[in-house]
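Novice: Sharing model_33.tsv here; it has TSV, C-alpha atoms and all ligand atoms.
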```tsv
chain	number	residue	atom	x	y	z
A	1	MET	CA	0.00	0.00	0.00
A	2	ARG	CA	1.22	3.52	-0.69
A	3	ILE	CA	1.31	6.08	2.10
A	4	PRO	CA	-2.12	7.75	2.33
A	5	THR	CA	-2.62	11.37	1.25
A	6	PRO	CA	-2.25	13.68	4.26
A	7	CYS	CA	-5.10	16.02	5.22
A	8	GLY	CA	-3.61	18.32	7.86
A	9	PRO	CA	-0.39	19.15	9.71
A	10	VAL	CA	-0.04	15.98	11.79
A	11	SER	CA	-0.81	13.51	9.01
A	12	GLN	CA	1.45	15.58	6.73
A	13	ALA	CA	4.30	15.27	9.21
A	14	VAL	CA	3.76	11.51	9.52
A	15	HIS	CA	3.56	11.18	5.74
A	16	ASP	CA	6.84	13.06	5.27
A	17	HIS	CA	8.54	11.13	8.04
A	18	LEU	CA	7.60	7.81	6.48
A	19	ASP	CA	8.28	8.99	2.96
A	20	SER	CA	11.61	10.77	3.31
A	21	GLY	CA	12.68	10.55	6.94
A	22	ALA	CA	11.83	14.23	7.60
A	23	PRO	CA	11.93	14.67	11.38
A	24	LEU	CA	8.61	14.51	13.21
A	25	PRO	CA	7.77	17.90	14.68
A	26	ASP	CA	6.76	18.50	18.29
A	27	LEU	CA	3.67	16.74	19.52
A	28	PRO	CA	0.41	18.46	18.69
A	29	ALA	CA	-0.53	21.11	21.25
A	30	ALA	CA	-4.09	19.95	21.92
A	31	PRO	CA	-5.83	16.58	21.65
A	32	GLU	CA	-8.11	16.39	18.64
A	33	PRO	CA	-8.91	12.69	18.52
A	34	THR	CA	-11.89	13.23	16.24
A	35	SER	CA	-10.16	15.40	13.68
A	36	ARG	CA	-9.52	13.49	10.48
A	37	ASP	CA	-5.96	14.76	10.51
A	38	HIS	CA	-5.12	13.16	13.86
A	39	ALA	CA	-7.13	10.03	13.06
A	40	LEU	CA	-5.31	9.51	9.77
A	41	ALA	CA	-1.93	10.14	11.41
A	42	LEU	CA	-2.67	7.49	14.04
A	43	TRP	CA	-4.03	5.10	11.45
A	44	MET	CA	-0.74	5.36	9.51
A	45	LEU	CA	1.35	4.83	12.63
A	46	HIS	CA	-0.69	1.74	13.58
A	47	GLU	CA	-0.43	0.40	10.06
A	48	LEU	CA	3.33	0.06	10.50
A	49	ALA	CA	2.46	-2.87	12.82
A	50	TYR	CA	0.24	-4.57	10.20
A	51	ARG	CA	1.35	-4.51	6.56
A	52	GLY	CA	3.37	-1.28	6.38
A	53	PHE	CA	3.71	0.89	3.28
A	54	ASP	CA	5.52	0.46	-0.02
A	55	GLY	CA	9.10	1.69	0.18
A	56	VAL	CA	8.89	2.61	3.88
A	57	ASP	CA	11.63	1.35	6.21
A	58	PRO	CA	10.00	-1.42	8.30
A	59	ASP	CA	12.19	-0.46	11.27
A	60	LEU	CA	10.18	2.73	11.66
A	61	GLU	CA	7.53	0.62	13.42
A	62	TRP	CA	9.75	0.72	16.54
A	63	SER	CA	11.43	4.09	16.08
A	64	PRO	CA	11.26	6.17	19.28
A	65	ASP	CA	9.91	9.22	17.42
A	66	VAL	CA	7.13	7.20	15.84
A	67	LEU	CA	6.25	5.57	19.17
A	68	ARG	CA	6.23	8.92	20.98
A	69	LEU	CA	3.65	10.35	18.57
A	70	ARG	CA	1.72	7.09	18.40
A	71	ASN	CA	1.51	6.92	22.21
A	72	ARG	CA	0.33	10.51	22.40
A	73	LEU	CA	-2.40	10.05	19.76
A	74	ASN	CA	-3.48	6.77	21.37
A	75	ARG	CA	-3.67	8.45	24.78
A	76	ASP	CA	-5.84	11.22	23.32
A	77	LEU	CA	-8.12	8.65	21.71
A	78	GLU	CA	-8.38	6.54	24.85
A	79	ALA	CA	-9.13	9.57	27.02
A	80	TRP	CA	-11.90	10.59	24.62
A	81	LEU	CA	-13.37	7.06	24.62
A	82	ARG	CA	-13.18	6.76	28.43
A	83	GLN	CA	-14.90	10.11	28.78
A	84	ALA	CA	-17.63	9.07	26.35
A	85	PHE	CA	-18.07	5.82	28.31
A	86	ALA	CA	-18.28	7.67	31.62
A	87	THR	CA	-21.00	10.01	30.40
A	88	SER	CA	-22.89	7.61	28.13
A	89	THR	CA	-26.48	6.66	28.83
A	90	LEU	CA	-26.05	3.29	27.09
A	91	PRO	CA	-26.46	0.16	29.25
A	92	ARG	CA	-23.57	-1.02	31.43
A	93	THR	CA	-23.47	-4.68	30.46
A	94	VAL	CA	-22.33	-6.41	27.27
A	95	THR	CA	-25.79	-7.92	26.80
A	96	GLY	CA	-27.46	-4.55	27.39
A	97	LEU	CA	-25.17	-2.87	24.88
A	98	VAL	CA	-25.81	-5.57	22.30
A	99	ASP	CA	-29.58	-5.28	22.79
A	100	ALA	CA	-29.38	-1.49	22.55
A	101	ASP	CA	-27.54	-1.85	19.27
A	102	GLY	CA	-30.44	-3.88	17.86
A	103	ASP	CA	-32.69	-0.85	18.41
A	104	LEU	CA	-30.39	1.62	16.66
A	105	PRO	CA	-31.05	2.33	12.99
A	106	GLY	CA	-27.96	0.74	11.57
A	107	VAL	CA	-26.30	0.43	8.21
A	108	ALA	CA	-27.66	-3.08	7.60
A	109	ARG	CA	-31.30	-2.11	7.92
A	110	PHE	CA	-30.69	0.84	5.60
A	111	VAL	CA	-29.19	-1.52	3.02
A	112	ARG	CA	-32.03	-3.98	3.43
A	113	GLU	CA	-34.76	-1.38	3.06
A	114	ARG	CA	-33.78	1.62	1.00
A	115	ALA	CA	-30.11	1.97	0.00
A	116	THR	CA	-29.26	2.41	-3.67
A	117	ALA	CA	-26.42	0.54	-5.38
A	118	ASP	CA	-24.28	3.68	-5.07
A	119	ASP	CA	-25.05	3.87	-1.35
A	120	VAL	CA	-23.89	0.26	-1.05
A	121	ARG	CA	-20.62	1.01	-2.83
A	122	ARG	CA	-20.06	4.00	-0.54
A	123	ILE	CA	-20.63	1.73	2.46
A	124	LEU	CA	-18.37	-1.04	1.15
A	125	VAL	CA	-15.61	1.53	0.57
A	126	GLN	CA	-15.78	2.62	4.23
A	127	ARG	CA	-16.12	-0.96	5.52
A	128	SER	CA	-13.17	-2.12	3.45
A	129	VAL	CA	-10.73	-0.32	5.74
A	130	TYR	CA	-11.55	-2.83	8.47
A	131	HIS	CA	-12.92	-5.86	6.64
A	132	LEU	CA	-9.75	-6.28	4.55
A	133	LYS	CA	-7.81	-6.70	7.81
A	134	GLU	CA	-10.64	-8.32	9.78
A	135	ALA	CA	-9.36	-10.53	12.61
A	136	ASP	CA	-5.78	-9.26	12.21
A	137	PRO	CA	-5.85	-6.94	15.25
A	138	GLN	CA	-7.15	-9.70	17.54
A	139	CYS	CA	-4.20	-11.92	16.58
A	140	PHE	CA	-2.05	-9.56	18.65
A	141	VAL	CA	-4.17	-10.32	21.72
A	142	LEU	CA	-3.48	-14.08	21.71
A	143	PRO	CA	-0.06	-14.27	23.41
A	144	ARG	CA	-1.36	-12.06	26.23
A	145	LEU	CA	-4.00	-14.53	27.40
A	146	GLU	CA	-3.97	-17.48	29.77
A	147	PRO	CA	-4.42	-20.93	28.19
A	148	ALA	CA	-8.22	-21.29	28.47
A	149	ALA	CA	-8.97	-17.86	27.01
A	150	LYS	CA	-6.23	-18.37	24.45
A	151	ALA	CA	-7.76	-21.63	23.27
A	152	ALA	CA	-11.18	-19.99	22.94
A	153	LEU	CA	-9.86	-16.99	21.00
A	154	THR	CA	-7.82	-19.28	18.76
A	155	GLU	CA	-10.93	-21.27	17.93
A	156	LEU	CA	-12.72	-18.08	16.90
A	157	GLN	CA	-9.76	-16.74	14.96
A	158	TYR	CA	-9.24	-20.03	13.13
A	159	ASP	CA	-12.78	-19.72	11.77
A	160	GLU	CA	-12.30	-16.03	10.88
A	161	LEU	CA	-9.15	-17.00	9.03
A	162	GLY	CA	-10.79	-19.68	6.92
A	163	ASP	CA	-10.51	-22.94	8.92
A	164	GLY	CA	-7.37	-23.73	6.95
A	165	ASP	CA	-8.97	-22.88	3.59
A	166	PRO	CA	-7.50	-19.70	2.05
A	167	ALA	CA	-10.64	-19.26	-0.06
A	168	ARG	CA	-12.73	-18.88	3.12
A	169	VAL	CA	-10.57	-16.34	4.93
A	170	HIS	CA	-13.05	-13.57	5.73
A	171	GLN	CA	-10.69	-10.86	4.48
A	172	HIS	CA	-10.46	-12.71	1.20
A	173	LEU	CA	-14.26	-13.07	0.93
A	174	PHE	CA	-14.55	-9.32	1.42
A	175	ALA	CA	-11.93	-8.62	-1.26
A	176	GLU	CA	-13.97	-10.79	-3.63
A	177	ALA	CA	-17.10	-8.84	-2.69
A	178	MET	CA	-15.33	-5.56	-3.46
A	179	ALA	CA	-14.15	-6.76	-6.86
A	180	ALA	CA	-17.58	-8.14	-7.77
A	181	ALA	CA	-19.15	-4.80	-6.80
A	182	GLY	CA	-16.79	-3.02	-9.22
A	183	LEU	CA	-14.51	-1.69	-6.46
A	184	ASP	CA	-10.77	-2.01	-5.89
A	185	PRO	CA	-10.16	-5.06	-3.64
A	186	THR	CA	-6.57	-4.06	-2.78
A	187	TYR	CA	-5.74	-3.78	0.91
A	188	GLY	CA	-5.83	-0.13	1.95
A	189	ALA	CA	-7.05	1.07	-1.47
A	190	TYR	CA	-9.67	3.40	0.00
A	191	VAL	CA	-7.93	4.87	3.04
A	192	ASP	CA	-7.87	8.24	1.24
A	193	GLU	CA	-11.66	8.02	1.01
A	194	ALA	CA	-12.13	6.91	4.62
A	195	ASP	CA	-14.23	9.19	6.79
A	196	GLU	CA	-12.87	10.28	10.16
A	197	GLU	CA	-15.49	8.02	11.78
A	198	THR	CA	-14.13	5.01	9.87
A	199	LEU	CA	-10.52	5.81	10.76
A	200	THR	CA	-11.42	6.35	14.41
A	201	LEU	CA	-13.28	3.04	14.57
A	202	ASN	CA	-10.24	1.28	13.12
A	203	ASN	CA	-7.84	3.15	15.42
A	204	ALA	CA	-9.86	2.17	18.46
A	205	ILE	CA	-9.61	-1.52	17.55
A	206	SER	CA	-5.84	-1.20	17.11
A	207	LEU	CA	-5.62	0.72	20.37
A	208	LEU	CA	-7.36	-2.09	22.26
A	209	CYS	CA	-5.62	-4.96	20.48
A	210	LEU	CA	-2.05	-3.63	20.38
A	211	HIS	CA	-1.88	-2.76	24.09
A	212	ARG	CA	-1.56	-5.65	26.52
A	213	ARG	CA	-3.03	-3.43	29.24
A	214	LEU	CA	-6.26	-3.21	27.23
A	215	ARG	CA	-6.69	-6.92	26.44
A	216	HIS	CA	-9.89	-7.22	28.49
A	217	ALA	CA	-11.43	-4.34	26.59
A	218	ALA	CA	-10.28	-5.99	23.35
A	219	ALA	CA	-12.22	-9.11	24.36
A	220	GLY	CA	-15.30	-7.01	25.15
A	221	HIS	CA	-15.04	-5.25	21.81
A	222	LEU	CA	-14.87	-8.59	20.02
A	223	ALA	CA	-17.87	-9.92	21.95
A	224	ALA	CA	-20.00	-6.92	20.99
A	225	PHE	CA	-18.78	-7.01	17.41
A	226	GLU	CA	-19.63	-10.69	16.97
A	227	ALA	CA	-22.96	-10.47	18.80
A	228	THR	CA	-24.18	-7.62	16.61
A	229	SER	CA	-23.27	-9.26	13.35
A	230	ALA	CA	-25.42	-12.32	12.54
A	231	LEU	CA	-28.82	-10.63	12.16
A	232	PRO	CA	-27.48	-7.49	10.42
A	233	SER	CA	-25.51	-9.73	8.05
A	234	ALA	CA	-28.78	-11.38	7.03
A	235	ASP	CA	-30.20	-7.89	6.40
A	236	MET	CA	-27.17	-7.08	4.24
A	237	VAL	CA	-27.72	-10.25	2.20
A	238	ARG	CA	-31.36	-9.32	1.61
A	239	GLY	CA	-30.51	-5.75	0.63
A	240	LEU	CA	-27.70	-6.76	-1.70
A	241	GLN	CA	-29.97	-9.35	-3.34
A	242	ARG	CA	-32.76	-6.77	-3.61
A	243	LEU	CA	-30.37	-4.51	-5.54
A	244	GLY	CA	-29.27	-7.34	-7.82
A	245	PHE	CA	-25.66	-7.60	-6.61
A	246	SER	CA	-23.98	-10.86	-7.62
A	247	GLU	CA	-23.32	-13.76	-5.29
A	248	PRO	CA	-19.68	-12.91	-4.43
A	249	VAL	CA	-20.88	-9.53	-3.10
A	250	TRP	CA	-23.34	-11.04	-0.64
A	251	ARG	CA	-21.39	-14.24	0.08
A	252	TYR	CA	-19.19	-12.42	2.62
A	253	TYR	CA	-22.29	-11.43	4.60
A	254	ASP	CA	-23.96	-14.78	4.07
A	255	GLU	CA	-20.92	-16.49	5.61
A	256	HIS	CA	-21.21	-14.19	8.62
A	257	VAL	CA	-24.77	-15.18	9.43
A	258	GLU	CA	-23.72	-18.67	10.46
A	259	ALA	CA	-20.18	-17.86	11.50
A	260	ASP	CA	-21.14	-15.11	13.90
A	261	ALA	CA	-23.91	-17.16	15.46
A	262	VAL	CA	-21.00	-19.37	16.59
A	263	HIS	CA	-18.50	-16.61	17.28
A	264	GLU	CA	-20.89	-14.68	19.46
A	265	HIS	CA	-20.87	-17.51	21.98
A	266	LEU	CA	-17.15	-18.10	21.74
A	267	ALA	CA	-16.51	-14.40	22.30
A	268	ARG	CA	-18.71	-14.33	25.42
A	269	ASP	CA	-16.73	-17.27	26.78
A	270	ILE	CA	-13.51	-15.42	26.06
A	271	CYS	CA	-14.78	-12.46	28.10
A	272	ASP	CA	-15.70	-14.69	31.05
A	273	LEU	CA	-12.33	-16.39	30.85
A	274	VAL	CA	-10.29	-13.19	30.71
A	275	THR	CA	-12.02	-11.60	33.68
A	276	GLY	CA	-12.47	-14.66	35.89
A	277	GLY	CA	-15.35	-12.71	37.51
A	278	ASP	CA	-13.17	-9.80	38.67
A	279	PRO	CA	-15.52	-6.76	38.65
A	280	GLU	CA	-12.72	-4.36	37.69
A	281	LEU	CA	-11.88	-6.44	34.65
A	282	GLU	CA	-15.54	-6.91	33.82
A	283	ARG	CA	-15.82	-3.17	33.65
A	284	GLU	CA	-13.02	-3.15	31.13
A	285	VAL	CA	-14.86	-5.76	29.05
A	286	VAL	CA	-17.96	-3.54	29.08
A	287	PHE	CA	-15.81	-0.55	28.12
A	288	GLY	CA	-14.57	-2.49	25.08
A	289	ALA	CA	-18.12	-3.46	24.13
A	290	PHE	CA	-19.15	0.19	24.50
A	291	VAL	CA	-16.33	1.27	22.17
A	292	CYS	CA	-17.61	-1.15	19.54
A	293	ILE	CA	-21.26	-0.13	19.74
A	294	ALA	CA	-20.65	3.61	20.10
A	295	LEU	CA	-18.20	3.86	17.21
A	296	GLU	CA	-20.28	1.66	14.92
A	297	GLU	CA	-23.22	3.90	15.68
A	298	ARG	CA	-21.13	6.97	14.82
A	299	CYS	CA	-20.21	5.42	11.46
A	300	ALA	CA	-23.85	4.53	10.82
A	301	ARG	CA	-24.93	8.10	11.49
A	302	ARG	CA	-22.39	9.26	8.93
A	303	LEU	CA	-23.30	6.62	6.33
A	304	VAL	CA	-27.07	6.45	6.57
A	305	PRO	CA	-28.95	9.47	5.22
A	306	GLU	CA	-32.05	10.62	7.09
A	307	PRO	CA	-35.16	9.07	5.62
A	308	VAL	CA	-37.11	11.52	3.50
A	309	PRO	CA	-40.33	12.31	5.42
A	310	ALA	CA	-43.35	10.85	3.67
B	1	MET	CA	-43.47	-20.62	33.35
B	2	SER	CA	-46.59	-22.65	32.65
B	3	SER	CA	-49.61	-21.23	30.89
B	4	GLY	CA	-52.08	-22.96	33.21
B	5	GLY	CA	-52.40	-26.22	34.97
B	6	GLY	CA	-51.23	-28.34	32.04
B	7	GLY	CA	-47.50	-27.45	31.93
B	8	PRO	CA	-45.76	-25.11	29.51
B	9	SER	CA	-47.23	-24.75	26.03
B	10	ALA	CA	-45.14	-25.78	23.04
B	11	HIS	CA	-44.73	-22.10	22.28
B	12	GLU	CA	-43.35	-21.36	25.71
B	13	ALA	CA	-41.04	-24.33	25.52
B	14	LEU	CA	-39.59	-22.96	22.28
B	15	ARG	CA	-39.25	-19.52	23.85
B	16	GLU	CA	-37.39	-21.05	26.71
B	17	ARG	CA	-35.00	-22.80	24.33
B	18	ALA	CA	-34.60	-19.61	22.28
B	19	ALA	CA	-33.49	-17.84	25.44
B	20	HIS	CA	-30.60	-20.30	25.68
B	21	GLY	CA	-29.60	-19.87	22.04
B	22	PRO	CA	-27.93	-22.59	20.00
B	23	ALA	CA	-25.93	-25.61	21.10
B	24	LEU	CA	-22.25	-25.23	20.28
B	25	VAL	CA	-20.86	-28.56	19.12
B	26	ARG	CA	-17.34	-29.42	18.08
B	27	GLY	CA	-16.12	-32.00	15.61
B	28	VAL	CA	-19.39	-32.43	13.69
B	29	GLY	CA	-19.12	-34.01	10.22
B	30	PHE	CA	-22.74	-34.07	9.13
B	31	VAL	CA	-26.07	-33.27	10.70
B	32	VAL	CA	-28.90	-35.57	9.62
B	33	ASP	CA	-32.46	-34.32	10.12
B	34	ALA	CA	-35.59	-36.35	10.82
B	35	ASP	CA	-36.16	-36.90	7.09
B	36	GLY	CA	-32.68	-38.29	6.64
B	37	GLU	CA	-31.46	-35.10	4.92
B	38	ALA	CA	-27.75	-34.60	5.66
B	39	THR	CA	-26.03	-31.22	5.89
B	40	GLN	CA	-22.26	-31.05	5.92
B	41	ALA	CA	-20.58	-29.00	8.64
B	42	ARG	CA	-17.95	-26.67	7.25
B	43	ARG	CA	-16.47	-25.39	10.49
B	44	PRO	CA	-14.84	-27.07	13.49
B	45	VAL	CA	-17.39	-25.55	15.88
B	46	VAL	CA	-21.00	-25.30	14.77
B	47	ALA	CA	-24.03	-23.68	16.41
B	48	LEU	CA	-27.02	-26.00	16.20
B	49	CYS	CA	-30.39	-24.24	16.27
B	50	ARG	CA	-32.54	-25.27	19.23
B	51	CYS	CA	-35.37	-22.80	18.78
B	52	GLU	CA	-36.52	-24.22	15.42
B	53	ALA	CA	-36.85	-20.70	13.99
B	54	SER	CA	-33.59	-20.46	12.07
B	55	ALA	CA	-33.85	-19.99	8.31
B	56	ARG	CA	-30.69	-22.09	7.99
B	57	ARG	CA	-31.45	-25.11	10.06
B	58	PRO	CA	-29.72	-27.11	11.34
B	59	TRP	CA	-27.50	-24.07	11.93
B	60	CYS	CA	-28.40	-21.13	14.18
B	61	ASP	CA	-28.74	-17.85	12.28
B	62	GLY	CA	-29.34	-15.62	15.29
B	63	THR	CA	-33.14	-15.57	14.89
B	64	HIS	CA	-33.64	-16.91	18.43
B	65	LYS	CA	-32.74	-13.43	19.69
B	66	ARG	CA	-35.89	-12.10	18.08
B	67	LEU	CA	-38.03	-14.63	19.92
B	68	VAL	CA	-37.17	-13.75	23.50
C	401	LIG	S1	-31.05	-21.17	18.20
C	401	LIG	FE1	-32.52	-21.07	16.64
C	401	LIG	S2	-31.82	-19.36	15.50
C	401	LIG	FE2	-30.40	-19.48	17.07
```
Could I get this file's structure written as structure tokens?
Ligand code: FES

Specialist:
Amino acid sequence: MRIPTPCGPVSQAVHDHLDSGAPLPDLPAAPEPTSRDHALALWMLHELAYRGFDGVDPDLEWSPDVLRLRNRLNRDLEAWLRQAFATSTLPRTVTGLVDADGDLPGVARFVRERATADDVRRILVQRSVYHLKEADPQCFVLPRLEPAAKAALTELQYDELGDGDPARVHQHLFAEAMAAAGLDPTYGAYVDEADEETLTLNNAISLLCLHRRLRHAAAGHLAAFEATSALPSADMVRGLQRLGFSEPVWRYYDEHVEADAVHEHLARDICDLVTGGDPELEREVVFGAFVCIALEERCARRLVPEPVPA
Amino acid sequence: MSSGGGGPSAHEALRERAAHGPALVRGVGFVVDADGEATQARRPVVALCRCEASARRPWCDGTHKRLV
């Protein structure tokens, strides 16, 4: 992937640092976790831990300057998320959050009922930023878990990653969906098009999964993500079929109907295993679930136009 | 639980099972239904529908959540 196009001073500085080794300037004066500039800068810094960028020195992943800025942007993001959690009126249990999500007007219902083919492409473009690396962040969580939780997460991840069949790796199914919908299936192809909400959602997953301290929240995020997927995936299938999209476009979602009915239960087990009933850790699990639901909802608000009043 | 003196109705029994969700089973090769129809399992862990409302039986498709 090439380095994304910068959109402000911080992402410009990161771009130039990766591109030509230009020194990173001082840290930004004020936290702006929901500016696209800061979100894109953090997304690029996280990406050094995943697939990196064409022509960029892989050692930069661990360069002290990169880590200093990455830590700062991650701290800003975490502080914003913790604040949102503290003041949120959403329920305070994973189950409550998942149920609340079912009542929110999400992307899937929009696609089922009234999206146009262009709306769908716009949505796939935003979703591609995560779906083309789906399950990758959670791989970083594995070595941080005790054996029982590790076995449970491995079971879930093995299914996400195709059960040994490269053709069924979920990332690959999504790439096929993109191509069949007339979009570029290349990893990272649409980062320049990604909304701030999309980048922030992706950054939050990397924040939780790349920090050992946040592993319980990572488990909670996964539990909420999996538990809010099966029914909406069925809605996506219906909407995509309604619009006449070909089988490879809806196959990704079709696969998730059954897969996530399984994963939902595995992910709940993982949460129970990582906390061992410790209330402090359970709170972290709920925080992770909140991050999932709240940021998905933010993306949905951006992606779903208001219905035209009848 | 029961709808009267005669024990739970079939409907309530299904609701009760829906509340528990699917049965997770490992190492399944095929599931054979009452008519002898076999469905191949494609994953090492499968979720078997217990509420009888799934559109993809024998597999759970999450529909049980809409029943409780
Ligand atoms: S148990 Fe029947 S749909 Fe889930």

Novice: Calculated over all atoms listed in the file, which of the candidates B:His64, B:Arg50, B:His20, B:Arg43 has the smallest distance to chain A?

Specialist: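 Checking each candidate against chain A, we get B:Arg43 as the closest.
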
Novice: Which is closest to B:Thr39 among B:Glu52, B:Glu16, B:Gly21, B:Pro58, if we use all atoms listed in the file?

Specialist: B:Pro58

Novice: Near chain B, which residues of chain A fall within 12 Å when you count only C-alpha atoms, and what do they look like as a PyMOL selection string?

Specialist: chain A and resi 95+98-99+102-103+152+154-165+168+226-235+253-266+269

Novice: Please indicate the distance in Å from atom CA of A:Trp80 to atom CA of A:Leu295, rounded to one decimal place.

Specialist: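 Atom-to-atom, atom CA of A:Trp80 and atom CA of A:Leu295 are spaced 11.8 Å apart.
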
Novice: Suppose you want the space between atom CA of A:Leu73 and atom CA of A:Pro33; what is it in Å?

Specialist: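 About the pair atom CA of A:Leu73 and atom CA of A:Pro33: they are 7.1 Å apart.
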
Novice: Please report the interatomic distance between atom CA of A:Ala167 and atom CA of A:Tyr252 in Å with one decimal.

Specialist: 11.3 Å

Novice: Could you check which of B:Cys51, B:Gly27, B:Ala13, B:Arg57 is closest to ligand LIG 401 (chain C), using all atoms listed in the file?

Specialist: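 Selected residue with least distance to ligand LIG 401 (chain C): B:Cys51.
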
Novice: Counting all atoms listed in the file, which of B:Gln40, B:Arg26, B:Asp33, B:Arg15 gets nearest to ligand LIG 401 (chain C)?

Specialist: B:Arg15

Novice: Please write as a PDB file with C-alpha atoms, in the coordinates of the input the list of polymer residues whose atoms come within 12 Å of (-9.2, -8.0, 36.5), counting only C-alpha atoms and keeping to the coordinates of the file.

Specialist:
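part-v5.pdb, written as the output of this step:
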```pdb
ATOM      1  CA  ARG A 213      -3.030  -3.430  29.240  1.00  0.00           C
ATOM      2  CA  LEU A 214      -6.260  -3.210  27.230  1.00  0.00           C
ATOM      3  CA  ARG A 215      -6.690  -6.920  26.440  1.00  0.00           C
ATOM      4  CA  HIS A 216      -9.890  -7.220  28.490  1.00  0.00           C
ATOM      5  CA  ALA A 217     -11.430  -4.340  26.590  1.00  0.00           C
ATOM      6  CA  CYS A 271     -14.780 -12.460  28.100  1.00  0.00           C
ATOM      7  CA  ASP A 272     -15.700 -14.690  31.050  1.00  0.00           C
ATOM      8  CA  LEU A 273     -12.330 -16.390  30.850  1.00  0.00           C
ATOM      9  CA  VAL A 274     -10.290 -13.190  30.710  1.00  0.00           C
ATOM     10  CA  THR A 275     -12.020 -11.600  33.680  1.00  0.00           C
ATOM     11  CA  GLY A 276     -12.470 -14.660  35.890  1.00  0.00           C
ATOM     12  CA  GLY A 277     -15.350 -12.710  37.510  1.00  0.00           C
ATOM     13  CA  ASP A 278     -13.170  -9.800  38.670  1.00  0.00           C
ATOM     14  CA  PRO A 279     -15.520  -6.760  38.650  1.00  0.00           C
ATOM     15  CA  GLU A 280     -12.720  -4.360  37.690  1.00  0.00           C
ATOM     16  CA  LEU A 281     -11.880  -6.440  34.650  1.00  0.00           C
ATOM     17  CA  GLU A 282     -15.540  -6.910  33.820  1.00  0.00           C
ATOM     18  CA  ARG A 283     -15.820  -3.170  33.650  1.00  0.00           C
ATOM     19  CA  GLU A 284     -13.020  -3.150  31.130  1.00  0.00           C
ATOM     20  CA  VAL A 285     -14.860  -5.760  29.050  1.00  0.00           C
TER      21      VAL A 285
END
```

Novice: Which residue out of A:Gly55, A:Pro9, A:Gly239, A:Pro64 has the minimum interatomic distance to A:His38 when all atoms listed in the file are used?

Specialist: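 Using all atoms listed in the file, A:His38 sits closest to A:Pro9.
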
Novice: For ligand LIG 401 (chain C), which of B:Val28, B:Arg17, B:Ala38, B:Val68 is the closest residue, counting all atoms listed in the file?

Specialist: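 Of B:Val28, B:Arg17, B:Ala38, B:Val68, the one nearest ligand LIG 401 (chain C) is B:Arg17, counting all atoms listed in the file.
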
Novice: Please define a box with edges along x, y and z of the file around all atoms of stretch 209-227 of chain A given in the file, extend it by 6 Å on each side, and return its centre and edge lengths in Å to one decimal, as lines of an AutoDock Vina configuration file.

Specialist:
```
center_x = -12.3
center_y = -6.7
center_z = 23.1
size_x = 33.4
size_y = 19.9
size_z = 24.3
```

Novice: Near A:Leu77, counting all atoms listed in the file, which residues have an atom at most 10 Å away, once you skip same-chain residues fewer than 2 positions from it, shown as a ChimeraX atom specification?

Specialist: /A:31-34,38-39,42,71-75,79-83,200,203-204,207

Novice: So that I can check the surroundings of A:Gln12, please list as a JSON list (two decimals) with C-alpha atoms, in the frame of the given file every protein, DNA and RNA residue that reaches within 9 Å of it, counting only C-alpha atoms and ignoring chain neighbours fewer than 6 positions away.

Specialist:
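This went into part04.json:
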```json
[["chain", "number", "residue", "atom", "x", "y", "z"],
["A", 5, "THR", "CA", -2.62, 11.37, 1.25],
["A", 6, "PRO", "CA", -2.25, 13.68, 4.26],
["A", 37, "ASP", "CA", -5.96, 14.76, 10.51],
["A", 41, "ALA", "CA", -1.93, 10.14, 11.41]]
```
